[in-house]
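Next up, structure-v8.pdb (PDB, C-alpha atoms):
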```pdb
ATOM      1  CA  MET A1387      96.057 105.968 183.241
ATOM      2  CA  SER A1388      92.909 104.648 184.954
ATOM      3  CA  HIS A1389      94.572 104.861 188.375
ATOM      4  CA  ILE A1390      95.520 108.548 187.929
ATOM      5  CA  PRO A1391      93.129 111.067 189.556
ATOM      6  CA  ALA A1392      91.361 112.732 186.642
ATOM      7  CA  GLU A1393      90.809 116.071 188.366
ATOM      8  CA  ARG A1394      94.523 116.504 189.039
ATOM      9  CA  CYS A1395      95.452 115.733 185.443
ATOM     10  CA  LEU A1396      92.835 118.207 184.256
ATOM     11  CA  SER A1397      94.171 120.871 186.615
ATOM     12  CA  ILE A1398      97.640 120.449 185.099
ATOM     13  CA  ILE A1399      96.221 120.677 181.573
ATOM     14  CA  GLN A1400      94.334 123.823 182.502
ATOM     15  CA  LEU A1401      97.435 125.400 184.058
ATOM     16  CA  LEU A1402      99.633 124.643 181.049
ATOM     17  CA  SER A1403      96.937 125.877 178.656
ATOM     18  CA  GLU A1404      97.072 129.391 180.116
ATOM     19  CA  ASP A1405      99.159 131.495 177.733
ATOM     20  CA  ALA A1406     100.499 128.213 176.262
ATOM     21  CA  ALA A1407     102.722 127.991 179.328
ATOM     22  CA  GLU A1408     105.966 126.036 179.566
ATOM     23  CA  LEU A1409     106.676 125.396 183.242
ATOM     24  CA  PRO A1410     109.146 123.484 185.438
ATOM     25  CA  LEU A1411     107.986 120.676 187.687
ATOM     26  CA  GLY A1412     108.392 122.744 190.856
ATOM     27  CA  THR A1413     106.230 125.593 189.619
ATOM     28  CA  ILE A1414     103.466 123.233 188.541
ATOM     29  CA  ALA A1415     103.485 121.444 191.879
ATOM     30  CA  GLU A1416     103.560 124.671 193.886
ATOM     31  CA  THR A1417     100.823 126.379 191.877
ATOM     32  CA  LEU A1418      98.474 123.422 192.194
ATOM     33  CA  ASP A1419      99.497 122.647 195.795
ATOM     34  CA  LEU A1420     100.567 119.111 194.908
ATOM     35  CA  PRO A1421     103.585 117.068 196.052
ATOM     36  CA  LYS A1422     106.429 117.022 193.542
ATOM     37  CA  SER A1423     106.532 113.244 193.371
ATOM     38  CA  GLY A1424     102.844 112.988 192.616
ATOM     39  CA  THR A1425     103.033 115.818 190.078
ATOM     40  CA  HIS A1426     105.898 114.042 188.339
ATOM     41  CA  ARG A1427     103.785 110.884 188.007
ATOM     42  CA  LEU A1428     100.835 112.850 186.665
ATOM     43  CA  LEU A1429     103.006 114.568 184.078
ATOM     44  CA  GLY A1430     104.445 111.219 183.097
ATOM     45  CA  ALA A1431     100.950 109.880 182.498
ATOM     46  CA  LEU A1432     100.021 112.935 180.411
ATOM     47  CA  ILE A1433     103.174 112.497 178.330
ATOM     48  CA  GLU A1434     102.416 108.805 177.855
ATOM     49  CA  GLN A1435      98.927 109.635 176.605
ATOM     50  CA  GLY A1436     100.155 112.371 174.264
ATOM     51  CA  TRP A1437      98.724 115.388 176.123
ATOM     52  CA  ALA A1438     102.045 116.865 177.271
ATOM     53  CA  GLN A1439     105.741 116.812 176.428
ATOM     54  CA  GLN A1440     108.973 117.695 178.208
ATOM     55  CA  ASP A1441     111.618 119.897 176.657
ATOM     56  CA  PRO A1442     114.787 117.782 176.487
ATOM     57  CA  GLN A1443     117.034 120.802 177.152
ATOM     58  CA  THR A1444     115.222 122.778 179.865
ATOM     59  CA  GLY A1445     113.192 119.953 181.397
ATOM     60  CA  TYR A1446     110.109 122.213 181.321
ATOM     61  CA  TYR A1447     106.673 120.778 180.560
ATOM     62  CA  ARG A1448     104.205 122.020 177.957
ATOM     63  CA  LEU A1449     101.062 120.780 176.243
ATOM     64  CA  THR A1450     101.103 119.155 172.842
ATOM     65  CA  MET A1451      98.718 120.318 170.111
ATOM     66  CA  ARG A1452      96.320 117.494 170.927
ATOM     67  CA  LEU A1453      94.111 119.686 173.101
ATOM     68  CA  ALA A1454      93.965 122.408 170.428
ATOM     69  CA  ILE A1455      93.069 119.897 167.727
ATOM     70  CA  LEU A1456      90.300 118.328 169.799
ATOM     71  CA  GLY A1457      89.042 121.783 170.779
ATOM     72  CA  GLN A1458      88.846 122.831 167.143
ATOM     73  CA  ARG A1459      86.970 119.660 166.244
ATOM     74  CA  PHE A1460      84.493 120.253 169.047
ATOM     75  CA  TYR A1461      84.060 123.917 168.093
ATOM     76  CA  VAL A1462      83.199 122.986 164.507
ATOM     77  CA  ALA A1463      80.871 120.230 165.721
ATOM     78  CA  THR A1464      78.860 122.695 167.846
ATOM     79  CA  GLY A1465      77.726 124.446 164.679
ATOM     80  CA  ILE A1466      78.825 127.870 165.903
ATOM     81  CA  PRO A1467      81.027 128.648 162.865
ATOM     82  CA  ASP A1468      78.294 127.749 160.371
ATOM     83  CA  ILE A1469      75.250 128.997 162.261
ATOM     84  CA  CYS A1470      76.419 131.967 164.340
ATOM     85  CA  GLN A1471      79.319 133.469 162.393
ATOM     86  CA  PRO A1472      77.167 134.903 159.564
ATOM     87  CA  LEU A1473      75.001 136.677 162.152
ATOM     88  CA  LEU A1474      78.077 138.109 163.879
ATOM     89  CA  ASP A1475      79.399 139.304 160.510
ATOM     90  CA  GLN A1476      76.080 140.998 159.810
ATOM     91  CA  LEU A1477      75.999 142.793 163.174
ATOM     92  CA  ALA A1478      79.621 143.884 162.715
ATOM     93  CA  ALA A1479      78.783 145.343 159.297
ATOM     94  CA  THR A1480      75.738 147.143 160.702
ATOM     95  CA  SER A1481      77.567 148.603 163.709
ATOM     96  CA  GLY A1482      80.949 149.166 162.076
ATOM     97  CA  GLU A1483      82.514 147.853 165.303
ATOM     98  CA  TYR A1484      84.046 144.729 166.840
ATOM     99  CA  VAL A1485      81.471 142.025 167.625
ATOM    100  CA  ARG A1486      82.004 138.976 169.834
ATOM    101  CA  LEU A1487      80.115 135.894 170.914
ATOM    102  CA  ALA A1488      80.750 134.445 174.380
ATOM    103  CA  VAL A1489      79.372 131.182 175.771
ATOM    104  CA  VAL A1490      78.659 130.163 179.347
ATOM    105  CA  ASP A1491      81.171 127.605 180.613
ATOM    106  CA  SER A1492      80.404 126.596 184.180
ATOM    107  CA  ASN A1493      80.955 129.756 186.279
ATOM    108  CA  GLN A1494      82.538 131.815 183.534
ATOM    109  CA  LEU A1495      82.066 133.232 180.060
ATOM    110  CA  VAL A1496      84.453 132.417 177.237
ATOM    111  CA  TRP A1497      84.749 134.338 173.969
ATOM    112  CA  VAL A1498      84.512 131.863 171.077
ATOM    113  CA  ALA A1499      83.898 133.912 167.920
ATOM    114  CA  HIS A1500      84.281 137.470 166.633
ATOM    115  CA  ALA A1501      83.808 139.714 163.624
ATOM    116  CA  GLN A1502      85.466 143.030 162.788
ATOM    117  CA  GLY A1503      83.152 145.680 161.376
ATOM    118  CA  ALA A1504      85.551 148.630 161.170
ATOM    119  CA  ARG A1505      87.048 149.069 157.734
ATOM    120  CA  GLY A1506      89.453 151.911 158.374
ATOM    121  CA  GLY A1507      90.439 154.723 160.698
ATOM    122  CA  LEU A1508      90.335 154.015 164.418
ATOM    123  CA  MET A1509      89.948 150.243 164.697
ATOM    124  CA  TYR A1510      89.495 148.441 167.994
ATOM    125  CA  GLN A1511      91.353 145.207 168.655
ATOM    126  CA  PRO A1512      91.086 143.649 172.143
ATOM    127  CA  ALA A1513      94.156 144.127 174.300
ATOM    128  CA  LEU A1514      93.107 141.349 176.694
ATOM    129  CA  GLN A1515      95.037 138.188 175.883
ATOM    130  CA  SER A1516      92.766 135.644 177.566
ATOM    131  CA  ASP A1517      89.539 134.317 176.043
ATOM    132  CA  THR A1518      88.000 134.201 179.520
ATOM    133  CA  VAL A1519      85.703 137.186 180.023
ATOM    134  CA  PRO A1520      86.491 139.377 183.069
ATOM    135  CA  LEU A1521      82.924 139.348 184.298
ATOM    136  CA  HIS A1522      82.804 142.440 186.513
ATOM    137  CA  ALA A1523      84.621 144.614 183.949
ATOM    138  CA  THR A1524      82.717 143.878 180.745
ATOM    139  CA  ALA A1525      79.286 144.459 179.275
ATOM    140  CA  SER A1526      79.007 140.731 178.526
ATOM    141  CA  GLY A1527      79.922 139.733 182.058
ATOM    142  CA  LYS A1528      77.548 142.185 183.687
ATOM    143  CA  ILE A1529      74.503 141.261 181.603
ATOM    144  CA  TRP A1530      75.093 137.555 182.259
ATOM    145  CA  LEU A1531      75.637 138.034 185.995
ATOM    146  CA  SER A1532      72.487 140.159 186.182
ATOM    147  CA  THR A1533      70.419 137.123 185.131
ATOM    148  CA  LEU A1534      71.698 135.009 188.032
ATOM    149  CA  PRO A1535      70.471 134.934 191.646
ATOM    150  CA  VAL A1536      72.235 137.665 193.635
ATOM    151  CA  GLU A1537      74.032 135.251 195.958
ATOM    152  CA  GLU A1538      75.354 133.217 193.040
ATOM    153  CA  ALA A1539      76.539 136.305 191.155
ATOM    154  CA  VAL A1540      78.354 137.625 194.237
ATOM    155  CA  GLN A1541      80.127 134.307 194.805
ATOM    156  CA  ILE A1542      81.229 134.052 191.173
ATOM    157  CA  VAL A1543      82.686 137.566 191.228
ATOM    158  CA  LEU A1544      84.465 137.084 194.547
ATOM    159  CA  ASN A1545      86.021 133.829 193.319
ATOM    160  CA  SER A1546      87.215 135.273 190.010
ATOM    161  CA  ARG A1547      90.889 136.076 189.555
ATOM    162  CA  ALA A1548      89.973 139.166 187.506
ATOM    163  CA  PHE A1549      88.190 140.836 190.432
ATOM    164  CA  GLN A1550      91.274 140.378 192.589
ATOM    165  CA  THR A1551      93.491 142.342 190.165
ATOM    166  CA  PRO A1552      91.683 145.652 189.500
ATOM    167  CA  GLU A1553      94.936 147.330 188.445
ATOM    168  CA  THR A1554      94.807 145.224 185.267
ATOM    169  CA  TYR A1555      91.714 147.011 183.988
ATOM    170  CA  GLY A1556      90.452 150.467 183.113
ATOM    171  CA  PRO A1557      89.979 153.408 185.500
ATOM    172  CA  ASP A1558      86.208 153.024 185.843
ATOM    173  CA  VAL A1559      86.139 149.320 186.711
ATOM    174  CA  ALA A1560      84.260 148.367 189.895
ATOM    175  CA  ARG A1561      86.708 147.894 192.764
ATOM    176  CA  SER A1562      84.352 146.636 195.476
ATOM    177  CA  ILE A1563      81.613 144.068 195.538
ATOM    178  CA  GLU A1564      79.158 146.838 196.439
ATOM    179  CA  GLN A1565      80.026 148.694 193.224
ATOM    180  CA  VAL A1566      79.680 145.493 191.219
ATOM    181  CA  MET A1567      76.223 144.745 192.624
ATOM    182  CA  GLU A1568      75.025 148.281 191.929
ATOM    183  CA  LYS A1569      76.151 147.972 188.315
ATOM    184  CA  LEU A1570      74.411 144.605 188.023
ATOM    185  CA  ARG A1571      71.203 146.116 189.388
ATOM    186  CA  VAL A1572      71.284 148.903 186.795
ATOM    187  CA  THR A1573      72.161 146.414 184.059
ATOM    188  CA  GLY A1574      69.244 144.168 184.939
ATOM    189  CA  GLU A1575      66.808 147.078 184.847
ATOM    190  CA  ARG A1576      68.202 148.298 181.516
ATOM    191  CA  GLY A1577      68.089 144.874 179.879
ATOM    192  CA  TYR A1578      71.531 145.014 178.274
ATOM    193  CA  GLY A1579      75.068 145.514 179.520
ATOM    194  CA  ILE A1580      77.257 148.592 179.102
ATOM    195  CA  ALA A1581      80.921 149.046 179.997
ATOM    196  CA  ARG A1582      82.887 152.271 179.553
ATOM    197  CA  ASN A1583      86.584 152.485 180.411
ATOM    198  CA  GLU A1584      86.258 149.328 182.501
ATOM    199  CA  ALA A1585      87.899 146.370 180.787
ATOM    200  CA  GLU A1586      90.136 148.735 178.820
ATOM    201  CA  GLN A1587      90.666 152.474 178.967
ATOM    202  CA  GLY A1588      89.171 154.305 176.014
ATOM    203  CA  VAL A1589      86.900 151.409 175.064
ATOM    204  CA  SER A1590      83.116 151.138 175.336
ATOM    205  CA  ALA A1591      80.985 148.040 174.875
ATOM    206  CA  MET A1592      77.406 146.839 174.983
ATOM    207  CA  ALA A1593      76.048 143.290 175.254
ATOM    208  CA  ALA A1594      72.849 141.242 175.280
ATOM    209  CA  VAL A1595      72.205 137.666 176.368
ATOM    210  CA  VAL A1596      71.718 134.717 174.049
ATOM    211  CA  ARG A1597      69.201 132.153 175.251
ATOM    212  CA  ALA A1598      68.681 128.530 174.248
ATOM    213  CA  GLY A1599      66.346 125.695 174.988
ATOM    214  CA  GLU A1600      62.685 125.591 175.828
ATOM    215  CA  ASP A1601      63.337 126.989 179.293
ATOM    216  CA  GLY A1602      65.170 130.008 177.844
ATOM    217  CA  CYS A1603      68.355 129.442 179.844
ATOM    218  CA  VAL A1604      71.210 131.842 179.102
ATOM    219  CA  ALA A1605      73.710 130.192 176.760
ATOM    220  CA  GLY A1606      75.985 133.174 176.168
ATOM    221  CA  THR A1607      76.189 136.805 175.111
ATOM    222  CA  VAL A1608      76.731 138.844 171.978
ATOM    223  CA  SER A1609      78.534 142.175 172.282
ATOM    224  CA  ILE A1610      79.639 145.238 170.344
ATOM    225  CA  ALA A1611      82.840 147.046 171.359
ATOM    226  CA  GLY A1612      84.766 149.992 169.984
ATOM    227  CA  PRO A1613      86.629 153.194 170.802
ATOM    228  CA  SER A1614      84.721 155.349 173.283
ATOM    229  CA  ALA A1615      85.257 158.348 171.005
ATOM    230  CA  ARG A1616      83.074 156.651 168.394
ATOM    231  CA  LEU A1617      80.888 154.353 170.504
ATOM    232  CA  THR A1618      79.338 157.213 172.454
ATOM    233  CA  GLU A1619      76.281 157.061 174.693
ATOM    234  CA  GLY A1620      74.090 158.209 171.812
ATOM    235  CA  ARG A1621      75.610 155.690 169.413
ATOM    236  CA  ILE A1622      75.058 152.898 171.946
ATOM    237  CA  GLU A1623      71.370 153.803 172.172
ATOM    238  CA  ASP A1624      71.119 153.773 168.376
ATOM    239  CA  LEU A1625      72.635 150.284 168.213
ATOM    240  CA  VAL A1626      70.442 148.699 170.910
ATOM    241  CA  PRO A1627      67.764 147.477 168.434
ATOM    242  CA  ALA A1628      70.363 145.860 166.170
ATOM    243  CA  LEU A1629      72.123 144.233 169.143
ATOM    244  CA  LYS A1630      68.905 142.818 170.578
ATOM    245  CA  ALA A1631      67.747 141.611 167.167
ATOM    246  CA  ALA A1632      71.038 139.789 166.615
ATOM    247  CA  ALA A1633      70.883 138.228 170.085
ATOM    248  CA  GLN A1634      67.324 137.042 169.420
ATOM    249  CA  GLU A1635      68.218 135.589 166.038
ATOM    250  CA  ILE A1636      71.212 133.744 167.459
ATOM    251  CA  SER A1637      68.967 132.475 170.265
ATOM    252  CA  ASN A1638      66.467 131.152 167.715
ATOM    253  CA  LEU A1639      69.217 129.292 165.887
ATOM    254  CA  TRP A1640      71.422 128.415 168.855
ATOM    255  CA  PRO A1641      73.393 125.218 168.077
ATOM    256  CA  ALA A1642      72.641 123.773 171.502
ATOM    257  CA  ARG A1643      68.953 123.892 170.639
ATOM    258  CA  LEU A1644      69.527 121.904 167.464
ATOM    259  CA  ARG A1645      71.230 119.191 169.489
ATOM    260  CA  ARG A1646      69.194 119.205 172.666
ATOM    261  CA  ASP A1647      67.236 116.038 171.879
ATOM    262  CA  PRO A1648      69.298 112.864 172.384
ATOM    263  CA  PRO A1649      69.213 110.432 169.498
ATOM    264  CA  LYS A1650      66.580 107.757 169.797
ATOM    265  CA  ASP A1651      67.654 104.231 170.503
ATOM    266  CA  PRO A1652      68.086 102.314 167.272
ATOM    267  CA  VAL A1653      65.333  99.870 166.409
ATOM    268  CA  PRO A1654      66.488  96.284 167.078
ATOM    269  CA  LEU A1655      67.459  94.481 163.921
ATOM    270  CA  GLN A1656      64.927  91.705 164.484
ATOM    271  CA  ARG A1657      62.118  94.269 164.339
ATOM    272  CA  LEU A1658      63.287  95.512 160.967
ATOM    273  CA  VAL A1659      63.435  92.018 159.386
ATOM    274  CA  PRO A1660      60.087  90.223 158.951
ATOM    275  CA  GLU A1661      59.831  87.042 160.927
ATOM    276  CA  ARG A1662      60.654  84.061 158.682
ATOM    277  CA  ARG A1663      57.783  81.705 158.105
ATOM    278  CA  LEU A1664      58.532  78.021 157.988
ATOM    279  CA  ASN A1665      55.782  76.950 155.584
ATOM    280  CA  GLY A1666      57.599  75.820 152.477
ATOM    281  CA  GLY A1667      60.452  78.187 152.995
ATOM    282  CA  ASN A1668      58.366  81.247 151.966
ATOM    283  CA  SER A1669      58.976  84.431 153.830
TER     284      SER A1669
END
```
For the structure just supplied, provide its representation as structure tokens.
Amino acid sequence: MSHIPAERCLSIIQLLSEDAAELPLGTIAETLDLPKSGTHRLLGALIEQGWAQQDPQTGYYRLTMRLAILGQRFYVATGIPDICQPLLDQLAATSGEYVRLAVVDSNQLVWVAHAQGARGGLMYQPALQSDTVPLHATASGKIWLSTLPVEEAVQIVLNSRAFQTPETYGPDVARSIEQVMEKLRVTGERGYGIARNEAEQGVSAMAAVVRAGEDGCVAGTVSIAGPSARLTEGRIEDLVPALKAAAQEISNLWPARLRRDPPKDPVPLQRLVPERRLNGGNS
């Protein structure tokens, strides 16, 4: 597989990973703007390496579970389940609402963990199917974007698929880049993100950034979301201290911080074993 362009194989994996898609060769080639012959070779290489499989009846291609298994291993290895999940559970219990942790992944945010704090009555469950955060429509997205240089934030929003499909979201979502930038300005001044009827109608949310490393770079966000009827403006203000405290505690314990120092080179074996003396065989 060394002769196969890695970026093209990765683009196929990413396409098939969306909604666990099962697609025909033509659709894959057309979506990725690749020639059919080349796409067929790439898929053959992915099948050979165990990343993809072809349905014998339909001829459609899909991913195997290999990516999911490796992803789960990596997720556990980051320390997020052990280190962050208890803090999310605590914030969910305090707020009585749905709490989520998102991490920065290149030019996007991805939800990786959650906790449900509601125990009865009106209980919020996200309607959005993707784990990728729609940046311009969510409290998490807006607080993260507000920490970036303006030009970078604008470019990220304009390039996002979510911004190009406003009909997918709630009635109060920003529908122009000017509206987005105004909301980011207000968010930056406030110090935490708020979204009402934006990602989903009838849902409100608030979010704060999680930082890691000595330079305090933004590693992700922690958010609280719930029905707007319960998560009112006054209730949001009441929960700000708990949200910020949770974000700070997660920042202090962020798994990336625990692993930021590369392991030291092992000491050469000859330095661990005393040099043998040749006087009478004593050492």
**Message:** What would the selection look like, as number ranges by chain, if the PyMOL selection byres ((chain A and resi 1555-1566) around 12) were run on the coordinates I just shared?
**Reply:** A: 1513-1514, 1520-1525, 1527-1529, 1531-1532, 1536-1537, 1539-1546, 1548-1554, 1567-1573, 1580-1590
**Contacts of region 1468-1471 of chain A within 12 Å, all atoms listed in the file, excl. fewer than 6 positions in-chain, as a PyMOL selection string** = chain A and resi 1461-1462+1477-1478+1485-1489+1498-1502+1596+1606-1608+1632-1644
**Prompt:** What do you get, as a PyMOL selection string, if you spell out every residue that the PyMOL selection byres ((chain A and resi 1629) around 9) selects here?
**Reply:** chain A and resi 1477+1481+1592-1594+1608-1610+1625-1628+1630-1634
**Message:** To one decimal place in Å, what is the distance between CA of Asp1624 (chain A) and CA of Val1490 (chain A)?
**Reply:** 27.1 Å
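For the set A:Ser1526, A:Thr1533, A:Ser1403, A:Gln1440, the residue with the smallest atom-to-atom gap to Gly1602 (chain A) is A:Thr1533, counting all atoms listed in the file.
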**Å distance separating CA of Ala1438 (chain A) from CA of Asp1419 (chain A), one decimal place** = 19.6 Å
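Closest to Leu1508 (chain A) among A:Glu1404, A:Glu1483, A:Asp1491, A:Glu1393 is A:Glu1483, based on all atoms listed in the file.
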**Request:** Evaluate the PyMOL selection byres ((chain A and resi 1509) around 12) on the structure here and hand back the selected residues as a PyMOL selection string.
**Result:** chain A and resi 1482-1484+1502-1508+1510-1512+1589+1611-1617
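Straight-line separation from CA of Gly1424 (chain A) to CA of Ile1398 (chain A): 11.8 Å.
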Draw an axis-aligned box over all listed atoms of region 1391-1403 of chain A, pad each side with 8 Å, and write its centre and edge lengths in Å, one decimal, as lines of an AutoDock Vina configuration file.
```
center_x = 95.2
center_y = 118.5
center_z = 184.1
size_x = 24.8
size_y = 30.8
size_z = 26.9
```
